[in-house]
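Everything on this sheet refers to the single structure shown next.
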Amino acid sequence: MKKTELKKEIEKLREEINYHNYRYYVLDNPAISDAEYDRLMQQLEVLEKKYPELITPDSPTQRVGAKPLEAFGTITHTIPMLSLNNAFSIDEAKEFDDRIKRLLSPHPALSPVCRSTGRRKGRGEEEIEYVAEPKIDGLAIELVYEDGGFTVGSTRGDGYTGEDVTLNLKTIKSIPMRLLKKQGSGVRGQGPAPAGFKQGSENKYPIPSRLEVRGEVFLPLKVFEKINKEREKTGEPLFANPRNAAAGSLRQLDPKVTASRPLDIFCYGVGVVEGVKFKTHWETLEALKTFGLKINPLIKKCDGIEAVLEYHQEIEKKRDNLPYEVDGIVIKVNDIELQNRLGVITRSPRWALAYKFKPREETTKIKSIEIGVGRTGALTPVAIMEPVEVGGVTIERATLHNQDEIDRKDVRVGDTVVVARAGDVIPEVVMVIKEKRTGKEKTFKIPEKCPLCNSKVERIGAIHFCTGGLSCPAQVKETIKHFVSKRAMDIDGLGDKHIEQFVDDGLIKDVADLYYLKKETLLKLERWAEKSADNLIDAIEKSKHPTLPRLIYALGIRQVGEHMAHVVAEEFGALEAIMKADKERLLSVHDIGPETAESIYDFFQESHNIKVIEKLKKAGVIFPQMKKVAGKLAGKTFIFTGALSSFSRDEAKELVEKHGGTTASSISKKIDYVIAGAEPGSKYDDAKRLGLKIISEEEFKNLLKE
Ligand code: IVH
């Protein structure tokens, strides 16, 4: 293909991808399957890899990939990004409307007289046309498009200069890299045009040579919850609200981090627009929409302030069900000519107003702190507070997340605190008002015993867990589900629904009870017939002969996955031996780190767990022995690094195991031999540092021969 043709082909692909991106991320109405989309992306990637000189910064492949920055540059906004005056009541909103009418009314002596009333008519008599919009609680940004291509994006900063966050904004999929010229024409496989658009029609508005778009970047509530859950696990401090999380994500120097936290945007205005003139704000939003920019679908034209007040109520009612955080509405005079006449005072336009909702934050007092135990055994401290209304809902419980968060915020029983809620997210304690302390407040520590089953509590990362596993009532359903699963005891025909039914009906309290289930009992339950009952009893019977690793894995010891179950089984050969091992003995095994050793040890220290194990044995579950394979490599641990020439990694591992040795996946002092192939990786350096025995592939082969 000739270069010009190639260029055309690449352009066509990009146009297609951009359009489908728009259908998916902006309209939420995809026209093709994900697989088809991936195929188009792949085609483009292949071509761009072959002809890197044809890559452009606005290509859809260039959303992530840039290297981390040292620091952000600064951007001066051509037109300052203003802030808004706030109103908190109906009266304040009405005052805003009155003021506008007053300011727009010409001098009374100059206005015409009304024939019927004899009063002078002014602008003050007519209702003002407003546009009312949800006020998104995120952070304001500006996007610059030159000849339709996205060039620079920045934060609001102090209103005059902001930070250059172009690379991070590129990772937001609902921000078009190129503005749409037409509504989908010239695009192959585009599917039907979305509602409200004519198929293949030219845009009503030409693409401006320069377009500065303003909008709010935000983190959808679902993503916010997910990020905080992950941070809780890793022990990182939690984000107080979606707004902070969005700001933190957008201000990452590494765009890859931003990309991992899917931000979104709603555009709500413009700065400089060259080449097109809009008469109204509504028309501006319409144009932005046809350019492929994301506009909030709840924005409404309102004739007069009464309609605006209704809108305020309507959105406040919807607030809890929206997938993003909204803290009020923004009211804007629709007519741009009128906007200009009204002008700006001290950094806020006279033609716009933020009419806030009831705050989502309130202060109250902590009466006590309770511990909740989750399905996974995680212990969550919960503040019990004097009831308080937050954003229209009375709350008296708020999560304190974990011990680190309690310590970081220095929360004590008796403290006066700020509590907040966002959407359907569980209310949480944001901060302590320390000035209100009397000296009688008491610090709080998560107890060492589970409040439900009295088992020992252990800490993994930032979270405290109950070690009661097999017998803790909070964990019983999840433990049983894990126990019967395919890779554990593999009890066929026992689904999650059945387990919930059995536990709820009090038929089983722990995993061992499964083996005492009777056919007659099942037949008395709803939805159980002769055949299904027979099948289940059969499957339970069959599961009585597990392999040792499966049995260990099925117990659901924290930190003991399938691989670890194998390691432990091979090392100790029998469950009884593992039960007797102390922490030191466990730690001497390769691949077992301190947390795992502690977790295994604690599990078997718990008398509840021992009881369940004995109950299993009594029911006839066989606890198998595993003979250690005797061989040339018995008792030796190996690790591989670099490429081997005579066999694959898996083959080499198999050879080691066949000769009675074991292989490790990470470097530690417990390793006997490091086998270094070609171009060994970081394991090699680590091995050298630890002074481990490093041998070549040839030497390894000799070991096998000896
Ligand atoms: S208009 C002059 N519209 O609220 C107009 N702002 O308190 C300035 N915001 O900095 C902004 N949703 O971060 C506008 N639909 C909306 C908005 C909105 C959220 C934020 C924006 C702005 C702040 C002003």
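Naming works like this for the structure tokens: A, B, ... for the chains as they're shown, residue 1 at the start of each chain, ligands 1 onward in shown order.
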### Message
Could you list, as number ranges by chain, all residues that come within 10 Å of ligand 1? Count only C-alpha atoms and all ligand atoms.
### Response
A: 80-86, 131-141, 155-157, 159, 214-218, 266-271, 295-296, 299, 326-332, 344, 347-356
Would you mind exporting the chosen residues as a PDB file, in the first residue's frame, restricted to C-alpha atoms?
ATOM      1  CA  PRO A  80     -10.550  32.962  33.846  1.00  0.00           C
ATOM      2  CA  MET A  81     -12.500  30.032  35.267  1.00  0.00           C
ATOM      3  CA  LEU A  82     -14.928  31.683  37.637  1.00  0.00           C
ATOM      4  CA  SER A  83     -16.570  30.315  40.747  1.00  0.00           C
ATOM      5  CA  LEU A  84     -20.242  30.479  41.699  1.00  0.00           C
ATOM      6  CA  ASN A  85     -22.203  32.240  44.403  1.00  0.00           C
ATOM      7  CA  ASN A  86     -24.059  29.821  46.640  1.00  0.00           C
ATOM      8  CA  VAL A 131     -30.978  26.422  32.281  1.00  0.00           C
ATOM      9  CA  ALA A 132     -30.797  24.253  35.396  1.00  0.00           C
ATOM     10  CA  GLU A 133     -28.074  21.632  35.770  1.00  0.00           C
ATOM     11  CA  PRO A 134     -27.021  19.108  38.388  1.00  0.00           C
ATOM     12  CA  LYS A 135     -23.990  20.427  40.261  1.00  0.00           C
ATOM     13  CA  ILE A 136     -21.506  17.589  40.077  1.00  0.00           C
ATOM     14  CA  ASP A 137     -19.172  17.251  43.038  1.00  0.00           C
ATOM     15  CA  GLY A 138     -15.868  16.716  41.301  1.00  0.00           C
ATOM     16  CA  LEU A 139     -13.261  19.113  40.016  1.00  0.00           C
ATOM     17  CA  ALA A 140     -13.417  21.688  37.275  1.00  0.00           C
ATOM     18  CA  ILE A 141     -11.189  21.264  34.245  1.00  0.00           C
ATOM     19  CA  THR A 155      -7.268  21.964  36.167  1.00  0.00           C
ATOM     20  CA  ARG A 156      -9.051  25.120  37.326  1.00  0.00           C
ATOM     21  CA  GLY A 157      -6.261  25.954  39.783  1.00  0.00           C
ATOM     22  CA  GLY A 159      -9.089  30.298  38.281  1.00  0.00           C
ATOM     23  CA  ARG A 214     -15.241  23.376  30.620  1.00  0.00           C
ATOM     24  CA  GLY A 215     -16.558  20.528  32.668  1.00  0.00           C
ATOM     25  CA  GLU A 216     -16.459  18.573  35.871  1.00  0.00           C
ATOM     26  CA  VAL A 217     -14.317  15.461  36.206  1.00  0.00           C
ATOM     27  CA  PHE A 218     -15.697  13.033  38.755  1.00  0.00           C
ATOM     28  CA  PHE A 266     -19.745  16.087  32.281  1.00  0.00           C
ATOM     29  CA  CYS A 267     -19.142  19.210  30.219  1.00  0.00           C
ATOM     30  CA  TYR A 268     -21.139  22.302  31.153  1.00  0.00           C
ATOM     31  CA  GLY A 269     -19.704  25.342  29.439  1.00  0.00           C
ATOM     32  CA  VAL A 270     -17.122  26.950  27.201  1.00  0.00           C
ATOM     33  CA  GLY A 271     -14.253  29.427  27.335  1.00  0.00           C
ATOM     34  CA  ILE A 295     -23.408  16.463  28.652  1.00  0.00           C
ATOM     35  CA  ASN A 296     -25.478  15.554  31.693  1.00  0.00           C
ATOM     36  CA  ILE A 299     -29.991  19.343  32.322  1.00  0.00           C
ATOM     37  CA  VAL A 326     -24.341  15.767  43.192  1.00  0.00           C
ATOM     38  CA  ASP A 327     -24.275  18.534  45.816  1.00  0.00           C
ATOM     39  CA  GLY A 328     -26.843  20.913  44.356  1.00  0.00           C
ATOM     40  CA  ILE A 329     -28.023  22.452  41.120  1.00  0.00           C
ATOM     41  CA  VAL A 330     -26.498  25.236  39.039  1.00  0.00           C
ATOM     42  CA  ILE A 331     -28.864  27.844  37.628  1.00  0.00           C
ATOM     43  CA  LYS A 332     -27.741  29.804  34.558  1.00  0.00           C
ATOM     44  CA  VAL A 344     -19.266  39.436  36.724  1.00  0.00           C
ATOM     45  CA  ARG A 347     -14.834  36.333  40.405  1.00  0.00           C
ATOM     46  CA  SER A 348     -18.474  35.080  40.218  1.00  0.00           C
ATOM     47  CA  PRO A 349     -20.878  35.713  37.355  1.00  0.00           C
ATOM     48  CA  ARG A 350     -24.103  37.530  38.242  1.00  0.00           C
ATOM     49  CA  TRP A 351     -25.977  35.274  35.810  1.00  0.00           C
ATOM     50  CA  ALA A 352     -25.349  31.956  37.554  1.00  0.00           C
ATOM     51  CA  LEU A 353     -25.966  30.487  40.984  1.00  0.00           C
ATOM     52  CA  ALA A 354     -25.192  27.248  42.821  1.00  0.00           C
ATOM     53  CA  TYR A 355     -28.312  26.282  44.776  1.00  0.00           C
ATOM     54  CA  LYS A 356     -27.014  23.653  47.189  1.00  0.00           C
TER      55      LYS A 356
END
### Task
Going by DSSP on the backbone, which bits of stretch 549-590 of chain A are helix (DSSP H, G or I)? Write them as number ranges by chain, please.
A: 549-554, 562-572, 575-580, 583-587
When you look at A:Pro447 with a cut-off of 10 Å (counting only C-alpha atoms), what residues show up, excluding the ones that are within fewer than 6 positions of it in the same chain? I need them as a PDB file with N, CA and C atoms, in the first residue's frame.
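Heads up, here's the output in around_32.pdb:
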ATOM      1  N   ILE A 371     -18.210  -3.743  67.006  1.00  0.00           N
ATOM      2  CA  ILE A 371     -17.462  -4.454  65.963  1.00  0.00           C
ATOM      3  C   ILE A 371     -18.432  -5.272  65.128  1.00  0.00           C
ATOM      4  N   LEU A 379     -13.155  -7.781  60.578  1.00  0.00           N
ATOM      5  CA  LEU A 379     -13.785  -7.052  61.672  1.00  0.00           C
ATOM      6  C   LEU A 379     -13.819  -5.567  61.331  1.00  0.00           C
ATOM      7  N   ASN A 454     -15.683 -15.691  69.741  1.00  0.00           N
ATOM      8  CA  ASN A 454     -14.616 -15.703  70.726  1.00  0.00           C
ATOM      9  C   ASN A 454     -13.281 -16.271  70.213  1.00  0.00           C
ATOM     10  N   LYS A 456      -9.604 -16.222  68.228  1.00  0.00           N
ATOM     11  CA  LYS A 456      -8.536 -15.230  68.212  1.00  0.00           C
ATOM     12  C   LYS A 456      -8.665 -14.344  66.960  1.00  0.00           C
ATOM     13  N   VAL A 457      -8.303 -13.082  67.108  1.00  0.00           N
ATOM     14  CA  VAL A 457      -8.344 -12.156  65.980  1.00  0.00           C
ATOM     15  C   VAL A 457      -6.914 -11.939  65.514  1.00  0.00           C
ATOM     16  N   GLU A 458      -6.696 -11.978  64.181  1.00  0.00           N
ATOM     17  CA  GLU A 458      -5.340 -11.701  63.699  1.00  0.00           C
ATOM     18  C   GLU A 458      -5.403 -10.577  62.685  1.00  0.00           C
ATOM     19  N   HIS A 464      -8.307  -6.544  60.496  1.00  0.00           N
ATOM     20  CA  HIS A 464      -8.314  -7.587  61.513  1.00  0.00           C
ATOM     21  C   HIS A 464      -9.311  -8.659  61.094  1.00  0.00           C
TER      22      HIS A 464
END
### Query
Residues at most 10 Å from A:Ser646, counting only C-alpha atoms, excluding those fewer than 4 positions away in the same chain, as an MDAnalysis selection string?
chainID A and resid 651:652 697:698 701
### Task
Please identify all polymer residues within 9 Å of stretch 399-409 of chain A, counting only C-alpha atoms, omitting same-chain residues fewer than 3 positions from it, and present them as number ranges by chain.
A: 232, 235-238, 369, 379-383, 412, 426-432, 443-446, 462-464
#### Entry: Picked from stretch 32-280 of chain A by DSSP as strand (DSSP E or B), as a VMD selection string
chain A and resid 74 to 76 86 to 87 113 120 129 to 136 139 to 146 149 to 155 161 to 164 178 182 202 210 to 218 264 to 274 280
### Task
For A:Arg251, work out the shell of residues within 9 Å, counting only C-alpha atoms and skipping chain neighbours fewer than 3 positions away, then give it as JSON, numbers by chain.
{"A": [72, 163, 165, 168, 246, 247, 248, 254, 258]}
Emit the selected residues as a compact mmCIF listing (two decimals), in the first residue's frame, including all heavy atoms.
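Output contents, as saved in out_17.txt:
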# COMPACT_ATOMS: atom_id res chain seq x y z
N PHE A 72 3.91 18.71 36.97
CA PHE A 72 2.96 19.25 36.00
C PHE A 72 3.41 20.64 35.57
O PHE A 72 3.93 21.41 36.38
CB PHE A 72 1.57 19.39 36.64
CG PHE A 72 0.95 18.08 37.02
CD1 PHE A 72 0.68 17.77 38.34
CD2 PHE A 72 0.62 17.15 36.04
CE1 PHE A 72 0.10 16.57 38.69
CE2 PHE A 72 0.04 15.94 36.38
CZ PHE A 72 -0.22 15.64 37.71
N GLU A 163 -3.05 23.46 36.42
CA GLU A 163 -1.99 22.52 36.10
C GLU A 163 -2.31 21.80 34.79
O GLU A 163 -3.46 21.50 34.51
CB GLU A 163 -1.84 21.49 37.22
CG GLU A 163 -1.05 22.04 38.38
CD GLU A 163 -1.03 21.09 39.56
OE1 GLU A 163 -2.07 20.47 39.86
OE2 GLU A 163 0.03 20.97 40.17
N VAL A 165 -2.80 18.83 32.96
CA VAL A 165 -3.05 17.41 33.24
C VAL A 165 -3.51 16.69 31.97
O VAL A 165 -4.30 15.75 32.01
CB VAL A 165 -4.09 17.23 34.38
CG1 VAL A 165 -3.47 17.55 35.74
CG2 VAL A 165 -5.33 18.08 34.15
N ASN A 168 -3.30 12.84 31.79
CA ASN A 168 -4.26 12.17 32.64
C ASN A 168 -5.67 12.28 32.07
O ASN A 168 -6.45 11.32 32.13
CB ASN A 168 -4.22 12.75 34.05
CG ASN A 168 -2.92 12.38 34.76
OD1 ASN A 168 -2.24 11.46 34.32
ND2 ASN A 168 -2.60 13.08 35.81
N ALA A 246 -11.22 11.77 43.21
CA ALA A 246 -11.08 12.22 41.82
C ALA A 246 -9.90 13.17 41.69
O ALA A 246 -9.09 13.05 40.77
CB ALA A 246 -12.36 12.91 41.35
N ALA A 247 -9.78 14.09 42.66
CA ALA A 247 -8.68 15.05 42.61
C ALA A 247 -7.34 14.31 42.72
O ALA A 247 -6.40 14.58 41.97
CB ALA A 247 -8.82 16.07 43.73
N GLY A 248 -7.30 13.35 43.65
CA GLY A 248 -6.07 12.58 43.83
C GLY A 248 -5.70 11.81 42.57
O GLY A 248 -4.52 11.70 42.23
N ASP A 254 1.85 9.78 37.26
CA ASP A 254 1.90 8.63 36.35
C ASP A 254 0.51 8.38 35.77
O ASP A 254 -0.40 7.95 36.48
CB ASP A 254 2.38 7.40 37.13
CG ASP A 254 2.57 6.20 36.21
OD1 ASP A 254 2.20 6.31 35.02
OD2 ASP A 254 3.10 5.18 36.67
N THR A 258 -3.76 7.02 36.92
CA THR A 258 -5.04 7.66 36.60
C THR A 258 -5.92 6.70 35.80
O THR A 258 -7.10 6.55 36.06
CB THR A 258 -4.80 8.94 35.79
OG1 THR A 258 -3.80 9.70 36.44
CG2 THR A 258 -6.07 9.76 35.69
### Task
Find the residues around stretch 37-43 of chain A up to 8 Å (only C-alpha atoms counted), leave out those fewer than 6 positions away in its own chain, and share them as a PyMOL selection string.
chain A and resi 13+17+20+61
### Shortest interatomic distance to A:Thr74 - which of A:Val257, A:Ile433, A:Val152, A:Met1, counting only C-alpha atoms
A:Val152
### Message
What's the separation between atom CA of A:Glu53 and atom CA of A:Leu69, in Å to one decimal place?
### Response
23.2 Å
### Query
Of the candidates A:Val560, A:Glu314, A:Met489, A:Phe572, which shows the shortest atom-to-atom distance to A:Ala539, using only C-alpha atoms?
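Distance minimum relative to A:Ala539 lands on A:Met489.
Between atom CA of A:Glu606 and atom CA of A:Lys229 the interatomic distance comes to 28.2 Å.
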### Message
Calculated over only C-alpha atoms, which of the candidates A:Asp97, A:Ala420, A:Phe700, A:Leu219 has the smallest distance to A:Ala259?
### Response
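Selected residue with least distance to A:Ala259: A:Leu219.
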### Query
Expressed in Å to a single decimal, how great is the separation between atom CA of A:Glu654 and atom CA of A:Gly691?
25.8 Å
#### Entry: Selected residue of minimal separation from A:Lys358 among A:Ile639, A:Leu167, A:Ile90, A:Val476, counting only C-alpha atoms
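Smallest distance to A:Lys358 is found for A:Ile90.
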### Task
Considering only C-alpha atoms, state which residue in the set A:Gln475, A:Ser532, A:Asn244, A:Thr166 is at the smallest distance from A:Phe224.
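For A:Phe224, the nearest of the candidates is A:Asn244.
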